[in-house]
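Undergrad: My structure file run.pdb, PDB, C-alpha atoms, is below:
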ATOM      1  CA  MET M   1      -1.936  34.708  -9.795
ATOM      2  CA  GLY M   2      -1.025  34.595  -6.107
ATOM      3  CA  GLU M   3       0.862  31.316  -6.509
ATOM      4  CA  TRP M   4       2.788  32.667  -9.520
ATOM      5  CA  LEU M   5       3.836  35.732  -7.546
ATOM      6  CA  LEU M   6       4.908  33.663  -4.545
ATOM      7  CA  TYR M   7       6.854  31.334  -6.828
ATOM      8  CA  ALA M   8       8.572  34.251  -8.583
ATOM      9  CA  VAL M   9       9.611  35.794  -5.275
ATOM     10  CA  ALA M  10      10.902  32.426  -4.030
ATOM     11  CA  ARG M  11      12.954  31.955  -7.205
ATOM     12  CA  VAL M  12      14.536  35.385  -6.811
ATOM     13  CA  VAL M  13      15.362  34.736  -3.148
ATOM     14  CA  VAL M  14      16.887  31.333  -3.955
ATOM     15  CA  THR M  15      18.996  32.800  -6.760
ATOM     16  CA  LEU M  16      20.274  35.650  -4.592
ATOM     17  CA  LEU M  17      21.117  33.464  -1.596
ATOM     18  CA  GLN M  18      22.930  30.889  -3.697
ATOM     19  CA  ALA M  19      25.057  33.643  -5.273
ATOM     20  CA  LEU M  20      26.340  34.891  -1.899
ATOM     21  CA  PRO M  21      29.109  33.436   0.301
ATOM     22  CA  LEU M  22      27.835  31.143   3.063
ATOM     23  CA  PRO M  23      28.951  33.419   5.967
ATOM     24  CA  VAL M  24      27.031  36.327   4.418
ATOM     25  CA  VAL M  25      23.950  34.134   3.971
ATOM     26  CA  ALA M  26      24.143  33.099   7.641
ATOM     27  CA  ARG M  27      24.287  36.731   8.793
ATOM     28  CA  LEU M  28      21.406  37.759   6.534
ATOM     29  CA  GLY M  29      19.362  34.841   7.840
ATOM     30  CA  ARG M  30      19.953  35.839  11.435
ATOM     31  CA  MET M  31      18.823  39.390  10.685
ATOM     32  CA  GLY M  32      15.710  38.074   8.969
ATOM     33  CA  GLY M  33      14.964  35.789  11.908
ATOM     34  CA  ALA M  34      15.311  38.701  14.333
ATOM     35  CA  CYS M  35      12.715  40.623  12.321
ATOM     36  CA  ALA M  36      10.427  37.594  12.201
ATOM     37  CA  TYR M  37      10.429  37.405  16.008
ATOM     38  CA  TRP M  38       8.631  40.735  16.166
ATOM     39  CA  LEU M  39       6.483  40.351  13.052
ATOM     40  CA  ASP M  40       5.255  36.762  13.498
ATOM     41  CA  GLY M  41       3.246  36.988  16.685
ATOM     42  CA  ARG M  42       1.552  33.601  16.323
ATOM     43  CA  HIS M  43       4.754  31.579  16.122
ATOM     44  CA  ARG M  44       6.445  33.765  18.736
ATOM     45  CA  ARG M  45       3.675  32.877  21.185
ATOM     46  CA  VAL M  46       3.976  29.166  20.363
ATOM     47  CA  ALA M  47       7.751  29.252  20.914
ATOM     48  CA  LEU M  48       7.442  31.131  24.202
ATOM     49  CA  ARG M  49       4.757  28.735  25.421
ATOM     50  CA  ASN M  50       6.815  25.660  24.525
ATOM     51  CA  LEU M  51      10.018  27.059  26.044
ATOM     52  CA  THR M  52       8.172  27.958  29.231
ATOM     53  CA  LEU M  53       6.630  24.485  29.348
ATOM     54  CA  VAL M  54      10.063  22.848  29.238
ATOM     55  CA  PHE M  55      12.358  25.375  30.929
ATOM     56  CA  GLY M  56       9.993  27.594  32.912
ATOM     57  CA  GLY M  57      10.912  25.906  36.181
ATOM     58  CA  GLU M  58      14.639  26.330  35.519
ATOM     59  CA  HIS M  59      14.993  29.811  33.990
ATOM     60  CA  PRO M  60      13.316  33.196  34.612
ATOM     61  CA  SER M  61      11.008  34.677  31.981
ATOM     62  CA  GLU M  62      13.713  37.114  30.782
ATOM     63  CA  GLU M  63      15.991  34.213  29.851
ATOM     64  CA  ILE M  64      13.096  32.402  28.160
ATOM     65  CA  ARG M  65      12.405  35.453  25.989
ATOM     66  CA  ALA M  66      16.108  35.828  25.152
ATOM     67  CA  LEU M  67      16.211  32.156  24.177
ATOM     68  CA  ALA M  68      13.142  32.640  21.951
ATOM     69  CA  ARG M  69      14.786  35.585  20.196
ATOM     70  CA  GLU M  70      17.946  33.572  19.565
ATOM     71  CA  HIS M  71      15.800  30.700  18.319
ATOM     72  CA  PHE M  72      14.174  32.932  15.693
ATOM     73  CA  ARG M  73      17.599  34.162  14.598
ATOM     74  CA  ARG M  74      18.689  30.539  14.257
ATOM     75  CA  LEU M  75      15.568  29.739  12.224
ATOM     76  CA  GLY M  76      16.372  32.507   9.769
ATOM     77  CA  GLU M  77      19.988  31.353   9.614
ATOM     78  CA  ASN M  78      19.007  27.713   9.106
ATOM     79  CA  TYR M  79      16.480  28.360   6.335
ATOM     80  CA  CYS M  80      18.756  30.683   4.397
ATOM     81  CA  CYS M  81      21.773  28.423   4.820
ATOM     82  CA  ALA M  82      19.708  25.419   3.696
ATOM     83  CA  VAL M  83      19.052  27.208   0.404
ATOM     84  CA  LYS M  84      22.750  28.000   0.007
ATOM     85  CA  THR M  85      24.108  24.589   1.005
ATOM     86  CA  ALA M  86      21.703  22.868  -1.393
ATOM     87  CA  ALA M  87      23.740  24.347  -4.258
ATOM     88  CA  MET M  88      27.153  23.502  -2.774
ATOM     89  CA  SER M  89      29.129  20.493  -3.958
ATOM     90  CA  PRO M  90      30.364  17.943  -1.411
ATOM     91  CA  GLU M  91      33.859  19.423  -1.729
ATOM     92  CA  GLU M  92      32.581  22.954  -1.094
ATOM     93  CA  LEU M  93      30.490  21.797   1.838
ATOM     94  CA  ARG M  94      33.133  19.631   3.490
ATOM     95  CA  PRO M  95      34.820  22.466   5.502
ATOM     96  CA  HIS M  96      31.421  23.408   6.926
ATOM     97  CA  LEU M  97      29.971  19.981   7.763
ATOM     98  CA  GLN M  98      31.273  17.146   9.907
ATOM     99  CA  PHE M  99      29.749  13.744  10.665
ATOM    100  CA  VAL M 100      30.496  12.270  14.103
ATOM    101  CA  GLY M 101      29.919   8.711  15.278
ATOM    102  CA  THR M 102      29.083   7.351  11.835
ATOM    103  CA  GLU M 103      31.951   4.860  11.854
ATOM    104  CA  VAL M 104      29.546   2.291  13.354
ATOM    105  CA  LEU M 105      27.609   2.349  10.086
ATOM    106  CA  ARG M 106      30.498   0.850   8.142
ATOM    107  CA  PRO M 107      30.547  -2.934   7.619
ATOM    108  CA  ALA M 108      32.512  -4.983  10.124
ATOM    109  CA  VAL M 109      34.138  -6.906   7.252
ATOM    110  CA  PRO M 110      35.808  -4.656   4.646
ATOM    111  CA  GLY M 111      34.373  -5.117   1.192
ATOM    112  CA  GLN M 112      31.015  -6.330   2.462
ATOM    113  CA  PRO M 113      27.907  -4.141   1.976
ATOM    114  CA  PRO M 114      26.855  -2.306   5.141
ATOM    115  CA  ALA M 115      23.695  -3.309   6.945
ATOM    116  CA  SER M 116      20.665  -1.102   6.342
ATOM    117  CA  ARG M 117      19.684   1.167   9.227
ATOM    118  CA  VAL M 118      16.842   3.444  10.280
ATOM    119  CA  ILE M 119      17.757   6.917  11.532
ATOM    120  CA  ALA M 120      15.266   8.917  13.607
ATOM    121  CA  LEU M 121      15.815  12.580  12.794
ATOM    122  CA  GLY M 122      14.724  15.817  14.429
ATOM    123  CA  HIS M 123      14.332  19.421  13.293
ATOM    124  CA  PHE M 124      17.704  20.467  14.657
ATOM    125  CA  GLY M 125      19.935  23.072  13.011
ATOM    126  CA  ASN M 126      20.140  22.906   9.209
ATOM    127  CA  PHE M 127      18.197  19.645   9.096
ATOM    128  CA  GLU M 128      18.271  19.538   5.276
ATOM    129  CA  LEU M 129      21.930  18.473   5.650
ATOM    130  CA  TYR M 130      20.920  15.013   6.894
ATOM    131  CA  ALA M 131      20.265  14.068   3.264
ATOM    132  CA  ARG M 132      23.873  14.825   2.265
ATOM    133  CA  PHE M 133      25.421  11.876   4.129
ATOM    134  CA  GLY M 134      25.249   9.591   1.106
ATOM    135  CA  GLN M 135      27.547  11.935  -0.831
ATOM    136  CA  TYR M 136      30.296  11.243   1.706
ATOM    137  CA  ALA M 137      29.494   7.538   2.116
ATOM    138  CA  PRO M 138      28.579   6.272  -1.374
ATOM    139  CA  GLU M 139      28.193   2.711  -0.118
ATOM    140  CA  PHE M 140      24.793   3.819   1.226
ATOM    141  CA  GLU M 141      21.604   4.760  -0.559
ATOM    142  CA  CYS M 142      19.819   7.394   1.525
ATOM    143  CA  LEU M 143      16.017   7.441   1.636
ATOM    144  CA  THR M 144      13.637   9.769   3.421
ATOM    145  CA  THR M 145      10.069  11.057   3.365
ATOM    146  CA  TYR M 146       8.607  14.510   2.886
ATOM    147  CA  ARG M 147       5.221  16.208   2.885
ATOM    148  CA  ALA M 148       4.486  17.952  -0.405
ATOM    149  CA  LEU M 149       3.565  21.653  -0.361
ATOM    150  CA  LYS M 150       0.072  22.626  -1.462
ATOM    151  CA  GLN M 151       1.441  24.948  -4.166
ATOM    152  CA  PRO M 152       2.723  22.721  -7.025
ATOM    153  CA  ARG M 153       5.264  25.240  -8.354
ATOM    154  CA  LEU M 154       6.746  25.898  -4.936
ATOM    155  CA  ASN M 155       6.862  22.178  -4.271
ATOM    156  CA  ARG M 156       8.778  21.582  -7.511
ATOM    157  CA  LEU M 157      11.216  24.341  -6.556
ATOM    158  CA  LEU M 158      11.762  22.823  -3.120
ATOM    159  CA  MET M 159      12.267  19.353  -4.545
ATOM    160  CA  SER M 160      14.728  20.659  -7.132
ATOM    161  CA  LEU M 161      16.850  21.888  -4.222
ATOM    162  CA  ARG M 162      16.549  18.675  -2.251
ATOM    163  CA  GLU M 163      17.211  16.284  -5.128
ATOM    164  CA  ARG M 164      20.744  17.631  -5.539
ATOM    165  CA  SER M 165      21.622  15.829  -2.321
ATOM    166  CA  GLY M 166      21.406  12.438  -4.031
ATOM    167  CA  CYS M 167      18.902  11.271  -1.414
ATOM    168  CA  ARG M 168      15.655   9.660  -2.634
ATOM    169  CA  PHE M 169      12.550  11.438  -1.353
ATOM    170  CA  PHE M 170       9.147   9.747  -0.969
ATOM    171  CA  GLU M 171       5.920  11.674  -0.370
ATOM    172  CA  ARG M 172       4.699  10.253   2.913
ATOM    173  CA  ARG M 173       0.968  10.292   2.058
ATOM    174  CA  THR M 174       1.115   8.881  -1.480
ATOM    175  CA  GLU M 175       4.380   6.940  -1.846
ATOM    176  CA  ALA M 176       4.476   4.719   1.228
ATOM    177  CA  ALA M 177       4.327   1.567  -0.900
ATOM    178  CA  ALA M 178       7.241   2.750  -3.045
ATOM    179  CA  LEU M 179       9.287   3.446   0.081
ATOM    180  CA  ARG M 180       8.653  -0.023   1.437
ATOM    181  CA  ALA M 181       9.671  -1.491  -1.916
ATOM    182  CA  ALA M 182      12.968   0.447  -1.760
ATOM    183  CA  MET M 183      13.957  -1.091   1.568
ATOM    184  CA  ARG M 184      16.464  -3.954   1.483
ATOM    185  CA  PRO M 185      18.739  -5.721   4.006
ATOM    186  CA  THR M 186      21.961  -3.927   3.057
ATOM    187  CA  GLY M 187      23.122  -0.513   1.908
ATOM    188  CA  VAL M 188      20.096   1.612   2.837
ATOM    189  CA  LEU M 189      19.898   4.470   5.313
ATOM    190  CA  LEU M 190      16.281   5.447   5.945
ATOM    191  CA  GLY M 191      15.991   8.809   7.699
ATOM    192  CA  LEU M 192      12.613   9.703   9.217
ATOM    193  CA  LEU M 193      11.818  13.024  10.882
ATOM    194  CA  ALA M 194      10.171  11.957  14.132
ATOM    195  CA  ASP M 195      10.060  14.962  16.477
ATOM    196  CA  GLN M 196       6.728  16.523  15.482
ATOM    197  CA  ARG M 197       3.218  15.569  16.487
ATOM    198  CA  ALA M 198       1.519  12.784  14.548
ATOM    199  CA  GLY M 199      -2.082  13.738  15.320
ATOM    200  CA  ALA M 200      -4.665  11.126  16.242
ATOM    201  CA  ARG M 201      -2.591   8.351  14.617
ATOM    202  CA  GLY M 202       0.381   8.919  16.895
ATOM    203  CA  LEU M 203       1.171   7.110  20.119
ATOM    204  CA  ALA M 204       1.196   8.876  23.473
ATOM    205  CA  VAL M 205       4.857   8.988  24.498
ATOM    206  CA  PRO M 206       6.324  11.275  27.197
ATOM    207  CA  PHE M 207       8.487  14.128  25.960
ATOM    208  CA  PHE M 208       9.980  16.315  28.689
ATOM    209  CA  GLY M 209       7.549  14.600  31.062
ATOM    210  CA  ARG M 210       4.370  15.314  29.082
ATOM    211  CA  PRO M 211       2.620  12.908  26.707
ATOM    212  CA  CYS M 212       2.503  13.936  23.059
ATOM    213  CA  SER M 213       1.447  12.310  19.814
ATOM    214  CA  THR M 214       4.498  10.543  18.359
ATOM    215  CA  SER M 215       4.923   8.814  15.005
ATOM    216  CA  PRO M 216       5.796   5.117  15.438
ATOM    217  CA  ALA M 217       7.351   5.005  11.932
ATOM    218  CA  PRO M 218      11.041   4.732  12.977
ATOM    219  CA  ALA M 219      10.304   1.850  15.344
ATOM    220  CA  LEU M 220       7.970   0.131  12.879
ATOM    221  CA  PHE M 221      10.458   0.207  10.026
ATOM    222  CA  ALA M 222      13.338  -0.905  12.246
ATOM    223  CA  LEU M 223      11.306  -3.842  13.525
ATOM    224  CA  ARG M 224       9.828  -4.937  10.225
ATOM    225  CA  TYR M 225      13.108  -4.837   8.311
ATOM    226  CA  ARG M 226      15.269  -5.865  11.286
ATOM    227  CA  CYS M 227      17.400  -2.738  10.965
ATOM    228  CA  PRO M 228      19.360  -1.122  13.796
ATOM    229  CA  LEU M 229      17.732   2.140  14.934
ATOM    230  CA  HIS M 230      19.675   5.321  15.764
ATOM    231  CA  VAL M 231      19.011   8.996  16.394
ATOM    232  CA  ALA M 232      20.954  11.663  14.475
ATOM    233  CA  VAL M 233      21.106  15.345  15.443
ATOM    234  CA  CYS M 234      22.421  18.322  13.459
ATOM    235  CA  TYR M 235      24.203  20.751  15.801
ATOM    236  CA  ARG M 236      25.006  24.271  14.694
ATOM    237  CA  ILE M 237      28.503  24.889  16.067
ATOM    238  CA  ALA M 238      29.089  28.324  14.479
ATOM    239  CA  PRO M 239      27.432  30.458  11.786
ATOM    240  CA  GLY M 240      27.565  28.354   8.644
ATOM    241  CA  ARG M 241      29.120  25.317  10.367
ATOM    242  CA  TRP M 242      27.397  22.131  11.511
ATOM    243  CA  THR M 243      28.108  18.757  13.056
ATOM    244  CA  ILE M 244      25.753  15.819  12.572
ATOM    245  CA  GLU M 245      26.133  13.317  15.398
ATOM    246  CA  LEU M 246      24.875   9.748  15.368
ATOM    247  CA  GLY M 247      23.618   8.492  18.714
ATOM    248  CA  PRO M 248      23.952   4.993  20.197
ATOM    249  CA  GLU M 249      21.758   2.224  18.844
ATOM    250  CA  ILE M 250      18.283   2.007  20.359
ATOM    251  CA  PRO M 251      17.373  -1.617  21.144
ATOM    252  CA  THR M 252      14.247  -2.713  19.277
ATOM    253  CA  ARG M 253      14.186  -6.311  20.490
ATOM    254  CA  GLN M 254      14.598  -7.944  23.848
ATOM    255  CA  GLY M 255      15.111 -11.660  24.246
ATOM    256  CA  GLY M 256      14.469 -12.073  20.533
ATOM    257  CA  ARG M 257      11.032 -10.460  20.732
ATOM    258  CA  PRO M 258      10.019  -6.931  19.647
ATOM    259  CA  ARG M 259      10.006  -4.359  22.425
ATOM    260  CA  PRO M 260       6.780  -2.346  22.839
ATOM    261  CA  LEU M 261       6.705   0.569  20.419
ATOM    262  CA  THR M 262       6.188   3.094  23.197
ATOM    263  CA  GLU M 263       9.366   1.911  24.939
ATOM    264  CA  ILE M 264      11.405   2.258  21.743
ATOM    265  CA  LEU M 265       9.980   5.731  21.127
ATOM    266  CA  ARG M 266      10.631   6.733  24.733
ATOM    267  CA  ASP M 267      14.316   5.893  24.237
ATOM    268  CA  MET M 268      14.259   8.003  21.069
ATOM    269  CA  HIS M 269      12.787  10.917  23.023
ATOM    270  CA  VAL M 270      15.486  10.616  25.672
ATOM    271  CA  GLN M 271      18.130  11.288  23.010
ATOM    272  CA  PHE M 272      16.111  14.171  21.545
ATOM    273  CA  GLU M 273      15.734  15.700  25.010
ATOM    274  CA  ALA M 274      19.480  15.492  25.641
ATOM    275  CA  ALA M 275      20.157  17.227  22.310
ATOM    276  CA  ILE M 276      17.693  20.015  23.146
ATOM    277  CA  ARG M 277      19.214  20.607  26.564
ATOM    278  CA  ARG M 278      22.685  20.722  25.004
ATOM    279  CA  ASP M 279      21.656  23.633  22.724
ATOM    280  CA  PRO M 280      18.062  24.765  23.384
ATOM    281  CA  ALA M 281      17.976  27.341  20.574
ATOM    282  CA  ASN M 282      18.836  24.636  18.033
ATOM    283  CA  TRP M 283      15.445  22.859  18.057
ATOM    284  CA  PHE M 284      12.163  23.784  16.317
ATOM    285  CA  TRP M 285      10.183  25.482  19.100
ATOM    286  CA  VAL M 286       7.641  27.154  16.785
ATOM    287  CA  HIS M 287       5.866  23.810  16.294
ATOM    288  CA  ASP M 288       3.079  23.061  18.828
ATOM    289  CA  ARG M 289       4.577  19.702  19.851
ATOM    290  CA  TRP M 290       2.229  19.023  22.767
ATOM    291  CA  LYS M 291      -1.032  20.019  21.044
ATOM    292  CA  HIS M 292      -2.230  16.403  20.745
ATOM    293  CA  PRO M 293      -1.460  13.894  23.533
ATOM    294  CA  GLY M 294      -1.589  10.877  21.205
ATOM    295  CA  ARG M 295      -3.331   7.591  21.810
ATOM    296  CA  PRO M 296      -2.374   4.975  24.367
ATOM    297  CA  GLY M 297      -1.411   1.426  23.528
ATOM    298  CA  SER M 298       0.490   0.120  20.538
ATOM    299  CA  VAL M 299       0.119  -0.672  16.856
ATOM    300  CA  ARG M 300       1.073  -3.811  15.021
ATOM    301  CA  ALA M 301       4.840  -3.894  14.641
ATOM    302  CA  ARG M 302       4.629  -5.364  11.150
ATOM    303  CA  SER M 303       2.775  -2.421   9.601
ATOM    304  CA  PRO M 304       5.107   0.533   8.886
ATOM    305  CA  ALA M 305       2.481   2.471   6.932
ATOM    306  CA  ALA M 306       2.105   5.255   9.523
ATOM    307  CA  LEU M 307       4.646   7.724   8.206
ATOM    308  CA  SER M 308       3.236  11.006   9.449
TER     309      SER M 308
END
Would you mind writing the file out in structure tokens?
TA:
Amino acid sequence: MGEWLLYAVARVVVTLLQALPLPVVARLGRMGGACAYWLDGRHRRVALRNLTLVFGGEHPSEEIRALAREHFRRLGENYCCAVKTAAMSPEELRPHLQFVGTEVLRPAVPGQPPASRVIALGHFGNFELYARFGQYAPEFECLTTYRALKQPRLNRLLMSLRERSGCRFFERRTEAAALRAAMRPTGVLLGLLADQRAGARGLAVPFFGRPCSTSPAPALFALRYRCPLHVAVCYRIAPGRWTIELGPEIPTRQGGRPRPLTEILRDMHVQFEAAIRRDPANWFWVHDRWKHPGRPGSVRARSPAALS
């Protein structure tokens, strides 16, 4: 009964948001996020603790609290806009979304298929928009992973929104083999969210100077399939407007041999850190990123099964 009620409410919310203009949805989301800051004490405390951990030595507590409030407004804006943009066609979305730096993805020789690449993604801005790239660059097939919700009806609703992007989604715990089978040398963009803790399976990699459990999946896939590795970040540049920027290639080999996974992941973190400093409210501070320090050492570079 509880799941049915939650599903019914979610359906109503999705229908209402998708019927409204995007600027209105953005404003409603910001108001909802402002309310959530005061109502959701647990996540407010996590955000304040994380912000203090990173910026406490640079900004007074008043600025940290103001940044946390803006972050919650952004969260509300991002979630509501993600529901709205999921129903927008590429033509409708084009005035609101820009891709920067993606020219390097195109093949050097016109008419040839582009090389496959791995893109390390973070929870920045409206991160559901990463999956829309293939609609503007049809020469690529976009793949990514997700973690299914515990409520089957809600999970089907969420996937019905995501599947409109044209991106192929693989459940990270049950469909790892299918994802590996979908990889090929040309024409694939594999996007992997890599900015949240990976628990005991993750590697200890510094992030803002403190070790945290980090998924090796982007480095493992790039090494195994000999794909260039990049970081992409979704920046919110105005209410209802975003820019997704592709960062410079992260070297995965040196002298023809694989670099250590922790070094590759450290370079990935450097780009994430720069993106966070550029717009601190744009990242996902309500996640306890430093809860688990991760494990030292490395894992075999030919086993990209660790997707969490």
Undergrad: For a test of reading the model, state the distance in Å between CA of Ala66 (chain M) and CA of Val270 (chain M), rounded to one decimal.
TA: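 Separation of CA of Ala66 (chain M) and CA of Val270 (chain M): 25.2 Å.
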Undergrad: Under the PyMOL selection byres ((chain M and resi 122) around 6), which residues of this model are included? Write them out as a CSV table (one decimal) with C-alpha atoms, in the coordinates of the input.
TA:
chain,number,residue,atom,x,y,z
M,121,LEU,CA,15.8,12.6,12.8
M,123,HIS,CA,14.3,19.4,13.3
M,124,PHE,CA,17.7,20.5,14.7
M,193,LEU,CA,11.8,13.0,10.9
M,194,ALA,CA,10.2,12.0,14.1
M,195,ASP,CA,10.1,15.0,16.5
Undergrad: Need the shell around region 227-240 of chain M: protein/DNA/RNA residues with any atom at most 6 Å away, counting only C-alpha atoms. Skip same-chain ones fewer than 5 positions apart. Format as an NGL selection string?
TA: :M and (23 or 26 or 116-121 or 124-125 or 222 or 245-247 or 249-250)
Undergrad: Counting all atoms listed in the file, what are the residues of region 42-123 of chain M within 12 Å of region 197-214 of chain M, and for each of them which pair of atoms is the nearest and at what distance in Å, to one decimal? Sort the table by chain and rising number, as JSON lines.
TA:
{"residue": "M:Asn50", "atom": "CA", "partner": "M:Phe208", "partner_atom": "CA", "distance": 10.7}
{"residue": "M:Leu51", "atom": "CA", "partner": "M:Phe208", "partner_atom": "CA", "distance": 11.1}
{"residue": "M:Thr52", "atom": "CA", "partner": "M:Phe208", "partner_atom": "CA", "distance": 11.8}
{"residue": "M:Leu53", "atom": "CA", "partner": "M:Phe208", "partner_atom": "CA", "distance": 8.9}
{"residue": "M:Val54", "atom": "CA", "partner": "M:Phe208", "partner_atom": "CA", "distance": 6.6}
{"residue": "M:Phe55", "atom": "CA", "partner": "M:Phe208", "partner_atom": "CA", "distance": 9.6}
{"residue": "M:Ala120", "atom": "CA", "partner": "M:Thr214", "partner_atom": "CA", "distance": 11.9}
{"residue": "M:Gly122", "atom": "CA", "partner": "M:Arg197", "partner_atom": "CA", "distance": 11.7}
Undergrad: Quick one: of M:Thr186, M:Thr262, M:Ser215, M:Gln196, who's nearest to Pro107 (chain M), counting only C-alpha atoms?
TA: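 Smallest separation from Pro107 (chain M) among the options: M:Thr186.
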Undergrad: When the PyMOL selection byres ((chain M and resi 69) around 12) is applied to the file above, which residues end up in the set, as number ranges by chain?
TA: M: 30-40, 43-45, 47-48, 51, 62-68, 70-76, 280-282, 285-286
